[in-house]
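Novice: Got a structure for you, questions after.
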Amino acid sequence: MAFSETASRLVARGKAAYDQDEALRLAAEAILHKIGEAVSRLPDEFMKAHPEVPWHAMEATRNLMTHSCSGGSLQPCRRIGP
């Protein structure tokens, strides 16, 4: 998935860059949203065939980002990451 490569590059920039760069925060939010949307459209049979992948967590993260991280508050977003 191309999203994972982009996400890896964003994460590599570090927490300090995330905290200081609004564009980086918006890019991270967009990627998490896209991944969650893609997961929500996968057939149940596919997800059951790959139980080692945290499908529910991916979709839940999208929901959290969509409903908790808008409006300029970084606190809910910071709890998502390490």
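Going through the structure tokens in order, the chains are called A, B, and so on, while each chain numbers its residues from 1 and the ligands are numbered from 1 in the order shown.
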Check which residues of range 13-52 of chain A sit at most 10 Å from range 57-63 of chain A using only C-alpha atoms, and return one row each with the closest pair of atoms and their distance in Å to one decimal, ordered by chain and rising number, as JSON lines.

Specialist:
{"residue": "A:Glu29", "atom": "CA", "partner": "A:Arg62", "partner_atom": "CA", "distance": 8.3}
{"residue": "A:Ala30", "atom": "CA", "partner": "A:Arg62", "partner_atom": "CA", "distance": 9.1}
{"residue": "A:Ile31", "atom": "CA", "partner": "A:Arg62", "partner_atom": "CA", "distance": 9.1}
{"residue": "A:Leu32", "atom": "CA", "partner": "A:Arg62", "partner_atom": "CA", "distance": 5.7}
{"residue": "A:His33", "atom": "CA", "partner": "A:Arg62", "partner_atom": "CA", "distance": 4.8}
{"residue": "A:Lys34", "atom": "CA", "partner": "A:Arg62", "partner_atom": "CA", "distance": 7.8}
{"residue": "A:Ile35", "atom": "CA", "partner": "A:Met58", "partner_atom": "CA", "distance": 7.0}
{"residue": "A:Gly36", "atom": "CA", "partner": "A:Glu59", "partner_atom": "CA", "distance": 4.3}
{"residue": "A:Glu37", "atom": "CA", "partner": "A:Glu59", "partner_atom": "CA", "distance": 7.0}
{"residue": "A:Ala38", "atom": "CA", "partner": "A:Glu59", "partner_atom": "CA", "distance": 8.6}
{"residue": "A:Val39", "atom": "CA", "partner": "A:Glu59", "partner_atom": "CA", "distance": 6.3}
{"residue": "A:Ser40", "atom": "CA", "partner": "A:Glu59", "partner_atom": "CA", "distance": 6.3}
{"residue": "A:Arg41", "atom": "CA", "partner": "A:Glu59", "partner_atom": "CA", "distance": 10.0}

Novice: Rounded to one decimal in Å, what is the spacing between CA of Trp55 in chain A and CA of Leu26 in chain A?

Specialist: 22.5 Å

Novice: How many Å separate CA of Glu5 in chain A from CA of Ala27 in chain A?

Specialist: 12.9 Å

Novice: CA of Pro43 in chain A to CA of Leu64 in chain A: how many Å, to one decimal?

Specialist: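 Rounded to one decimal, the two atoms are 21.9 Å apart.
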
Novice: Can you tell me, as a list in words, what residues are no more than 10 Å from Arg13 in chain A when counting only C-alpha atoms, ignoring any on the same chain fewer than 5 positions away?

Specialist: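 Using only C-alpha atoms, the neighbours found are Ser8, Tyr18 and Leu24 of chain A.
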